[in-house]
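The structure appears right after this line, and notes come after that.
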Amino acid sequence: MATTIPIGPYHPLQEEPEHYLLTVEEEEVIDVDVQIGYNHRGIEKLSEKKTFNQVPFLVERVCGICSHSHPYAYCLAVEDCGDIEVPERAKYIRTLIGELERIHSHLLWAGLAGHFIGYDTVFMWAWKYREDVLDLLELLTGNRNAYAMMKPGGVQREINRSDLEEARPTLETLKDKSEMLYGAVLDDPVLKARLEGVGVLPKEDARAFGALGPTSRASGLPADVRADFPYGVYDRLDWKVITREEGDTLARVEVRLLETLEAITMVEQIIDEMPDTGPIDSEPEEVPPGEGIGNYEAPRGECFHYVQSDGSNRPVRHKIRAPTFMNFPTYRSTCVGETVADATIILASVDPCYSCTERAIGLKGREGVDLLELSKKKTADLKADFGVEKSPLEEILDE
Amino acid sequence: MNPSTFKEELSGRFGWKLGQSQESEDRLYLNPEPEIFEKLITSIYEENGGRLATISCVDEDSQFRLLYHFALDAEGFMVTVKLPVEKEENPSVESIANLIPGAEWIEREIMEMFGIDFLNHPAKKRLLKAEALGDKDFPYRKDFDVENLEDN
């Protein structure tokens with residue numbers, strides 16, 4: 001007999017509310033539905049009431065984690081609409097902040113993913129080093145989040161050479177630790193058993209749902225806005241697009257960890273190559289009538305903005321599409337047929353707002369057992385089966 | 001392939017019905033005759049490997065306009081297909097969610113925010129709009145007055 005398990009939508013600890021409905025038959029998930037909208041603030045409508053230079057501050061509030069991605073995509077749209085040039089130095093600064101944001105976002109996700117499967121060591125470890133990235137962002141922009149760096153035609157503020165040089169030691173440490181984490185994840189038999197072959201998103205489904213970012217790249221689609229529609233200074237940096245063919249949760253973990261490493265080397269290259277002098281803003285006077293598209297590779301995938309101008313100082317229409325909007329519906333392909341204990345990590349593996357997935361309501365006939373506990377128990381059982389007392393990461397940390 | 005060779009390829013197939021177009025280095029905007037719309041979308045999605053980025057809806061004075069944004073990732077340019085929708089009591093247009101599953105949520109959002117009905121849509125359910133807003137309140141329409149919104 002089928003049972004419906006509601007997850008969410010509200011809990012005092014949740015950063016964002018959303019409501020999952022898992023329909024299960026015994027242990028197997030047979031259907032998933034997601035209800036969203038609890039957080040809808042009508043930003044597209046609000047944007048029509050702001051001037052072109054005010055909108056970046058508004059869209060920065062679309063998402064706290066991607067607070068550079070939305071203003072960047074918006075500025076690209078306005079610059080596309082008005083054929084506005086961006087000075088070299090501004091492009092470097094924009095790309096630098098963008099890649100630092102990717103590092104902190106991927107580390108945040110890696111920590112939470114560890115937490116969901118009962119590896120709290122990974123959680124504490126990843127967040128410890130994420131903190132250093134936030135400190136770097138504070139040093140460079142003045143803010144740990146919501147950096148307020150973007151404006152159409154350039155950036156708001158300078159970044160000093162001395163601050164850039166100060167960032168290098170942190171990046172070195174971060175690189176070592178990220179490599180260690182990557183190795184530890186791949187060496188761990190229990191993690192492999194939990195992640196490998198779980199929640200497979202086939203290539204054709206990834207394309208049909210229009211999946212984006214690490215979710216689609218883990219399913220063998222090489223699309224990456226940074227490579228396909230180069231903006232900023234990506235065309236002159238030495239980096240590669242990370243893809244995996246497997247499409248399972250392990251592949252999505254691998255893609256994100258390798259992208260973190262790529263991002264660190266990109267930040268180092270930018271510090272090496274960034275010119276120390278030159279304008280940071282082309283100070284556009286007006287946006288002519290027309291329309292423009294801005295697409296930006298946010299940590300979760302392509303962030304899409306469309307702006308229409310009638311020649312006044314405000315956008316007539318500003319359409320925003322965040323990557324999770326396209327990645328959400330892939331649950332229908334990845335969760336169905338899997339066990340309830342795995343649903344937590346599968347739902348989390350596209351990197352949506354995950355906090356709600358752990359605030360699950362007790363299952364019928366399993367009073368007091370929530371999904372997170374189920375997931376953690378599965379890992380503990382596997383550890384016992386494999387005879388693993390400590391994970392490779394825990395061993396490294398003990399030394 | 002670039003926007004201008006792609007447009008030539010399409011005009012070879014659809015002739016004058018492809019309508020007016022604007023192009024730049026990495027953008028192509030098309031205004032096809034509504035009768036070839038479905039064929040055009042199908043061919044961009046299936047034959048050219050276009051990825052549906054999203055659909056934007058614009059409330060113009062006399063009509064709505066739907067903008068179907070396709071990304072041709074491998075070629076590095078965007079194709080936007082525009083489709084006008086008449087402003088009448090119940091504006092409607094054919095859904096493409098049966099062809100492209102990724103369009104399902106996008107169309108649900110437009111249904112709620114602009115009140116455009118997508119015919120033959122597989123799952124017409126509320127997605128984003130607050131329960132407090134009535135079925136006839138469409139917040140993203142230009143004539144929707146936020147300031148004078150009555151509490152209900």
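Identifiers for the structure tokens are assigned positionally: chains receive A, B, ... in sequence, residues are indexed from 1 per chain, and ligands are indexed from 1 in the order shown.
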
| field | Residue contacts of region 102-117 of chain A (7 Å, only C-alpha atoms) excluding same-chain residues fewer than 4 positions away, as a ChimeraX atom specification | value | /A:65,98,122-124,126-127,130,133,256,260,263,299,344-345,348,351,372,375-376,379

Expected file: the selected residues, C-alpha atoms, as a compact mmCIF listing (two decimals), in the first residue's frame:
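The result, stored in out-v4.txt:
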# COMPACT_ATOMS: atom_id res chain seq x y z
CA ILE A 65 24.54 31.85 -1.58
CA GLY A 98 32.46 34.62 -9.12
CA VAL A 122 33.00 15.98 6.43
CA PHE A 123 30.41 18.57 7.43
CA MET A 124 32.62 20.23 10.04
CA ALA A 126 34.18 21.46 4.75
CA TRP A 127 32.56 24.32 6.65
CA ARG A 130 34.52 27.48 3.72
CA VAL A 133 36.78 31.63 1.77
CA ARG A 256 31.56 19.58 -7.55
CA THR A 260 36.26 23.47 -6.51
CA ALA A 263 38.06 27.31 -9.24
CA PRO A 299 27.53 27.29 -8.76
CA THR A 344 17.55 12.43 1.36
CA ILE A 345 20.90 12.44 -0.38
CA ALA A 348 20.15 17.03 -1.81
CA ASP A 351 22.02 21.19 -4.46
CA LEU A 372 17.89 11.74 8.23
CA SER A 375 20.02 7.68 6.07
CA LYS A 376 22.54 7.77 8.91
CA THR A 379 25.69 4.35 6.56

Mind running chain A against chain B at 8 Å and telling me each contacting residue's nearest atom pair with the distance in Å (one decimal), counting only C-alpha atoms, chain and number ascending, as a tab-separated table?
residue	atom	partner	partner_atom	distance
A:Gln35	CA	B:Leu127	CA	6.4
A:Ile36	CA	B:Leu128	CA	5.9
A:Gly37	CA	B:Leu128	CA	3.8
A:Tyr38	CA	B:Leu128	CA	7.3
A:His40	CA	B:Leu128	CA	6.6
A:Glu44	CA	B:Tyr140	CA	7.9
A:Lys45	CA	B:Tyr140	CA	6.2
A:Arg207	CA	B:Arg51	CA	7.2
A:Ala208	CA	B:Pro101	CA	5.7
A:Phe209	CA	B:Gly102	CA	3.9
A:Gly210	CA	B:Gly102	CA	5.4
A:Ala223	CA	B:Asp73	CA	6.0
A:Asp224	CA	B:Asp73	CA	7.8
A:Val225	CA	B:Asp73	CA	7.7
A:Asp228	CA	B:Gly76	CA	4.9
A:Phe229	CA	B:Gly76	CA	5.4
A:Phe304	CA	B:Ala53	CA	7.4
A:Tyr306	CA	B:Ser56	CA	7.5
A:Arg317	CA	B:Val58	CA	6.6
A:Lys319	CA	B:Ser56	CA	6.2
A:Arg321	CA	B:Thr54	CA	7.1
A:Phe325	CA	B:Trp105	CA	7.8
A:Met326	CA	B:Gly102	CA	6.7
A:Pro329	CA	B:Gly102	CA	7.6

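Every protein or nucleic acid residue with an atom no more than 10 Å from Asp132 (chain A), counting only C-alpha atoms and leaving out same-chain residues fewer than 5 positions away, appears here: His104, Trp127, Leu137, Glu138, Ala167, Thr170, Leu171, Thr173 and Leu174 of chain A.
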
Check the DSSP output for the backbone and give back, as a JSON list (two decimals) with C-alpha atoms, in the first residue's frame, the residues of region 126-314 of chain A in helix (DSSP H, G or I).
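Okay, part.json is ready:
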[["chain", "number", "residue", "atom", "x", "y", "z"],
["A", 126, "ALA", "CA", 34.18, 21.46, 4.75],
["A", 127, "TRP", "CA", 32.56, 24.32, 6.65],
["A", 128, "LYS", "CA", 35.76, 25.09, 8.50],
["A", 129, "TYR", "CA", 37.55, 25.81, 5.24],
["A", 130, "ARG", "CA", 34.52, 27.48, 3.72],
["A", 131, "GLU", "CA", 34.83, 29.99, 6.52],
["A", 132, "ASP", "CA", 38.28, 30.95, 5.21],
["A", 133, "VAL", "CA", 36.78, 31.63, 1.77],
["A", 134, "LEU", "CA", 34.16, 33.89, 3.32],
["A", 135, "ASP", "CA", 36.95, 35.73, 5.15],
["A", 136, "LEU", "CA", 38.70, 36.18, 1.80],
["A", 137, "LEU", "CA", 35.53, 37.60, 0.28],
["A", 138, "GLU", "CA", 35.23, 39.97, 3.21],
["A", 139, "LEU", "CA", 38.82, 41.07, 2.73],
["A", 140, "LEU", "CA", 38.33, 41.69, -1.00],
["A", 141, "THR", "CA", 34.79, 43.10, -1.13],
["A", 161, "ARG", "CA", 47.07, 44.36, -5.03],
["A", 162, "SER", "CA", 48.08, 44.00, -1.36],
["A", 163, "ASP", "CA", 44.74, 42.35, -0.54],
["A", 164, "LEU", "CA", 45.12, 39.99, -3.48],
["A", 165, "GLU", "CA", 48.56, 38.90, -2.30],
["A", 166, "GLU", "CA", 47.15, 38.31, 1.17],
["A", 167, "ALA", "CA", 44.75, 35.76, -0.32],
["A", 168, "ARG", "CA", 47.48, 33.43, -1.62],
["A", 169, "PRO", "CA", 48.32, 31.46, 1.57],
["A", 170, "THR", "CA", 44.63, 30.71, 2.20],
["A", 171, "LEU", "CA", 44.28, 29.42, -1.36],
["A", 172, "GLU", "CA", 47.30, 27.14, -0.90],
["A", 173, "THR", "CA", 45.79, 25.58, 2.23],
["A", 174, "LEU", "CA", 42.42, 25.31, 0.56],
["A", 175, "LYS", "CA", 43.92, 23.49, -2.40],
["A", 176, "ASP", "CA", 45.66, 20.92, -0.18],
["A", 177, "LYS", "CA", 42.55, 20.32, 1.88],
["A", 178, "SER", "CA", 40.24, 20.03, -1.14],
["A", 179, "GLU", "CA", 42.56, 17.50, -2.77],
["A", 180, "MET", "CA", 42.61, 15.55, 0.46],
["A", 181, "LEU", "CA", 38.81, 15.57, 0.67],
["A", 182, "TYR", "CA", 38.51, 14.42, -2.94],
["A", 183, "GLY", "CA", 40.91, 11.54, -2.31],
["A", 184, "ALA", "CA", 39.21, 10.61, 0.93],
["A", 185, "VAL", "CA", 35.77, 10.49, -0.70],
["A", 186, "LEU", "CA", 36.96, 8.29, -3.57],
["A", 187, "ASP", "CA", 38.87, 5.94, -1.24],
["A", 189, "PRO", "CA", 34.21, 2.10, 0.49],
["A", 190, "VAL", "CA", 31.21, 3.12, 2.60],
["A", 191, "LEU", "CA", 30.72, 6.43, 0.81],
["A", 192, "LYS", "CA", 31.01, 4.62, -2.51],
["A", 193, "ALA", "CA", 28.35, 2.14, -1.43],
["A", 194, "ARG", "CA", 26.06, 5.01, -0.42],
["A", 195, "LEU", "CA", 26.58, 7.12, -3.52],
["A", 203, "LYS", "CA", 21.67, 11.80, -20.08],
["A", 204, "GLU", "CA", 18.44, 11.98, -22.09],
["A", 205, "ASP", "CA", 16.43, 12.91, -18.97],
["A", 206, "ALA", "CA", 18.96, 15.58, -18.04],
["A", 207, "ARG", "CA", 18.45, 17.08, -21.49],
["A", 208, "ALA", "CA", 14.66, 16.73, -21.46],
["A", 213, "GLY", "CA", 25.34, 23.00, -13.98],
["A", 214, "PRO", "CA", 26.94, 20.13, -12.02],
["A", 215, "THR", "CA", 23.68, 18.17, -12.21],
["A", 216, "SER", "CA", 23.81, 18.00, -16.01],
["A", 217, "ARG", "CA", 27.60, 17.74, -16.26],
["A", 225, "VAL", "CA", 28.15, 28.80, -19.79],
["A", 226, "ARG", "CA", 31.72, 29.79, -18.90],
["A", 227, "ALA", "CA", 32.97, 27.78, -21.88],
["A", 228, "ASP", "CA", 30.02, 28.06, -24.30],
["A", 234, "TYR", "CA", 37.29, 32.76, -18.79],
["A", 235, "ASP", "CA", 38.49, 32.68, -22.38],
["A", 236, "ARG", "CA", 42.05, 33.47, -21.28],
["A", 249, "THR", "CA", 25.10, 10.86, -6.90],
["A", 250, "LEU", "CA", 28.79, 9.98, -6.70],
["A", 251, "ALA", "CA", 29.34, 11.64, -10.08],
["A", 252, "ARG", "CA", 27.61, 14.82, -8.87],
["A", 253, "VAL", "CA", 29.86, 14.82, -5.78],
["A", 254, "GLU", "CA", 32.96, 14.31, -7.92],
["A", 255, "VAL", "CA", 32.03, 17.07, -10.37],
["A", 256, "ARG", "CA", 31.56, 19.58, -7.55],
["A", 257, "LEU", "CA", 34.79, 18.64, -5.76],
["A", 258, "LEU", "CA", 36.81, 18.82, -8.98],
["A", 259, "GLU", "CA", 35.17, 22.12, -9.89],
["A", 260, "THR", "CA", 36.26, 23.47, -6.51],
["A", 261, "LEU", "CA", 39.86, 22.58, -7.39],
["A", 262, "GLU", "CA", 39.48, 24.18, -10.84],
["A", 263, "ALA", "CA", 38.06, 27.31, -9.24],
["A", 264, "ILE", "CA", 41.01, 27.59, -6.86],
["A", 265, "THR", "CA", 43.51, 27.45, -9.74],
["A", 266, "MET", "CA", 41.42, 30.00, -11.65],
["A", 267, "VAL", "CA", 41.49, 32.40, -8.70],
["A", 268, "GLU", "CA", 45.28, 32.00, -8.53],
["A", 269, "GLN", "CA", 45.62, 32.74, -12.24],
["A", 270, "ILE", "CA", 43.46, 35.83, -11.87],
["A", 271, "ILE", "CA", 45.64, 37.09, -9.00],
["A", 272, "ASP", "CA", 48.71, 36.55, -11.22],
["A", 273, "GLU", "CA", 47.31, 38.22, -14.32]]

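Per DSSP on the backbone, strand (DSSP E or B) in region 101-192 of chain A comprises A:Met150, A:Lys151, A:Gly154, A:Val155.
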
Please produce an output containing C-alpha atoms for each residue in the selection, written as a CSV table (one decimal), in the first residue's frame.
chain,number,residue,atom,x,y,z
A,150,MET,CA,28.3,44.6,-9.7
A,151,LYS,CA,26.9,47.4,-11.8
A,154,GLY,CA,31.8,47.5,-14.6
A,155,VAL,CA,32.2,47.0,-10.8

| request: Just the residues within 9 Å of Thr51 (chain A), please, counting only C-alpha atoms, with nothing from its chain fewer than 3 positions along; format it as JSON, numbers by chain. | output: {"A": [47, 48, 54, 55, 312, 313, 314, 315]}

| What is the CA of Val241 (chain A)-CA of Ala298 (chain A) distance in Å, reported with one decimal? |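 Computing it gives 13.8 Å between the two atoms.
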
| said: I'd like the neighbourhood of Glu38 (chain B) as a list in words, where a residue qualifies if any of its atoms comes within 12 Å (using only C-alpha atoms), though same-chain residues fewer than 3 positions away should be ignored. | reply: Pro32, Glu33, Pro34, Glu35, Ile41, Thr42, Ser43, Ile44, Tyr45, Glu46, Tyr68, Val81, Lys82, Leu83, Val93, Glu94, Ser95, Ile96, Ala97, Asn98, Leu99 and Ile100 of chain B

Take the selection from the previous step and output its residues with N, CA and C atoms, as a PDB file, in the first residue's frame.
ATOM      1  N   PRO B  32       8.288  34.111 -35.964  1.00  0.00           N
ATOM      2  CA  PRO B  32       7.675  33.291 -37.009  1.00  0.00           C
ATOM      3  C   PRO B  32       6.157  33.467 -37.059  1.00  0.00           C
ATOM      4  N   GLU B  33       5.566  33.087 -38.193  1.00  0.00           N
ATOM      5  CA  GLU B  33       4.112  32.995 -38.288  1.00  0.00           C
ATOM      6  C   GLU B  33       3.657  31.927 -37.300  1.00  0.00           C
ATOM      7  N   PRO B  34       2.574  32.194 -36.536  1.00  0.00           N
ATOM      8  CA  PRO B  34       2.139  31.214 -35.532  1.00  0.00           C
ATOM      9  C   PRO B  34       1.941  29.795 -36.097  1.00  0.00           C
ATOM     10  N   GLU B  35       1.558  29.695 -37.386  1.00  0.00           N
ATOM     11  CA  GLU B  35       1.269  28.354 -37.917  1.00  0.00           C
ATOM     12  C   GLU B  35       2.511  27.461 -37.995  1.00  0.00           C
ATOM     13  N   ILE B  41       9.885  25.082 -33.205  1.00  0.00           N
ATOM     14  CA  ILE B  41      10.352  24.712 -31.868  1.00  0.00           C
ATOM     15  C   ILE B  41      10.875  23.270 -31.879  1.00  0.00           C
ATOM     16  N   THR B  42      10.082  22.375 -32.478  1.00  0.00           N
ATOM     17  CA  THR B  42      10.471  20.966 -32.531  1.00  0.00           C
ATOM     18  C   THR B  42      11.805  20.805 -33.235  1.00  0.00           C
ATOM     19  N   SER B  43      11.972  21.534 -34.318  1.00  0.00           N
ATOM     20  CA  SER B  43      13.221  21.346 -35.059  1.00  0.00           C
ATOM     21  C   SER B  43      14.420  21.923 -34.305  1.00  0.00           C
ATOM     22  N   ILE B  44      14.237  23.049 -33.607  1.00  0.00           N
ATOM     23  CA  ILE B  44      15.359  23.591 -32.825  1.00  0.00           C
ATOM     24  C   ILE B  44      15.719  22.638 -31.688  1.00  0.00           C
ATOM     25  N   TYR B  45      14.695  22.071 -31.050  1.00  0.00           N
ATOM     26  CA  TYR B  45      14.942  21.196 -29.897  1.00  0.00           C
ATOM     27  C   TYR B  45      15.498  19.842 -30.331  1.00  0.00           C
ATOM     28  N   GLU B  46      14.890  19.256 -31.355  1.00  0.00           N
ATOM     29  CA  GLU B  46      15.277  17.885 -31.690  1.00  0.00           C
ATOM     30  C   GLU B  46      16.437  17.803 -32.662  1.00  0.00           C
ATOM     31  N   TYR B  68      10.506  32.218 -26.268  1.00  0.00           N
ATOM     32  CA  TYR B  68      11.070  30.900 -25.986  1.00  0.00           C
ATOM     33  C   TYR B  68      12.575  30.990 -26.221  1.00  0.00           C
ATOM     34  N   VAL B  81      12.603  32.532 -29.837  1.00  0.00           N
ATOM     35  CA  VAL B  81      11.457  32.483 -30.747  1.00  0.00           C
ATOM     36  C   VAL B  81      10.300  33.209 -30.080  1.00  0.00           C
ATOM     37  N   LYS B  82       9.774  34.225 -30.764  1.00  0.00           N
ATOM     38  CA  LYS B  82       8.718  35.042 -30.152  1.00  0.00           C
ATOM     39  C   LYS B  82       7.351  34.626 -30.668  1.00  0.00           C
ATOM     40  N   LEU B  83       6.395  34.595 -29.762  1.00  0.00           N
ATOM     41  CA  LEU B  83       5.041  34.203 -30.133  1.00  0.00           C
ATOM     42  C   LEU B  83       4.058  35.171 -29.481  1.00  0.00           C
ATOM     43  N   VAL B  93      -2.602  29.419 -25.298  1.00  0.00           N
ATOM     44  CA  VAL B  93      -1.629  29.023 -26.291  1.00  0.00           C
ATOM     45  C   VAL B  93      -1.361  27.538 -26.072  1.00  0.00           C
ATOM     46  N   GLU B  94      -0.878  26.855 -27.087  1.00  0.00           N
ATOM     47  CA  GLU B  94      -0.629  25.416 -26.969  1.00  0.00           C
ATOM     48  C   GLU B  94       0.610  25.174 -26.090  1.00  0.00           C
ATOM     49  N   SER B  95       0.532  24.175 -25.201  1.00  0.00           N
ATOM     50  CA  SER B  95       1.674  23.852 -24.337  1.00  0.00           C
ATOM     51  C   SER B  95       2.745  23.103 -25.122  1.00  0.00           C
ATOM     52  N   ILE B  96       4.007  23.299 -24.732  1.00  0.00           N
ATOM     53  CA  ILE B  96       5.072  22.497 -25.355  1.00  0.00           C
ATOM     54  C   ILE B  96       5.655  21.505 -24.352  1.00  0.00           C
ATOM     55  N   ALA B  97       4.994  21.382 -23.171  1.00  0.00           N
ATOM     56  CA  ALA B  97       5.555  20.524 -22.119  1.00  0.00           C
ATOM     57  C   ALA B  97       5.526  19.039 -22.500  1.00  0.00           C
ATOM     58  N   ASN B  98       4.657  18.680 -23.446  1.00  0.00           N
ATOM     59  CA  ASN B  98       4.655  17.281 -23.856  1.00  0.00           C
ATOM     60  C   ASN B  98       5.840  16.969 -24.760  1.00  0.00           C
ATOM     61  N   LEU B  99       6.357  18.004 -25.425  1.00  0.00           N
ATOM     62  CA  LEU B  99       7.558  17.825 -26.244  1.00  0.00           C
ATOM     63  C   LEU B  99       8.810  17.974 -25.383  1.00  0.00           C
ATOM     64  N   ILE B 100       8.832  19.009 -24.544  1.00  0.00           N
ATOM     65  CA  ILE B 100       9.991  19.284 -23.690  1.00  0.00           C
ATOM     66  C   ILE B 100       9.533  19.271 -22.234  1.00  0.00           C
TER      67      ILE B 100
END

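From CA of Tyr296 (chain A) back to CA of Tyr72 (chain A), the distance works out to 7.0 Å.
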
| field | Nearest candidate to Arg61 (chain A) (options A:Glu101, A:Thr339, A:Tyr147, A:Cys75; using only C-alpha atoms) | value | A:Tyr147
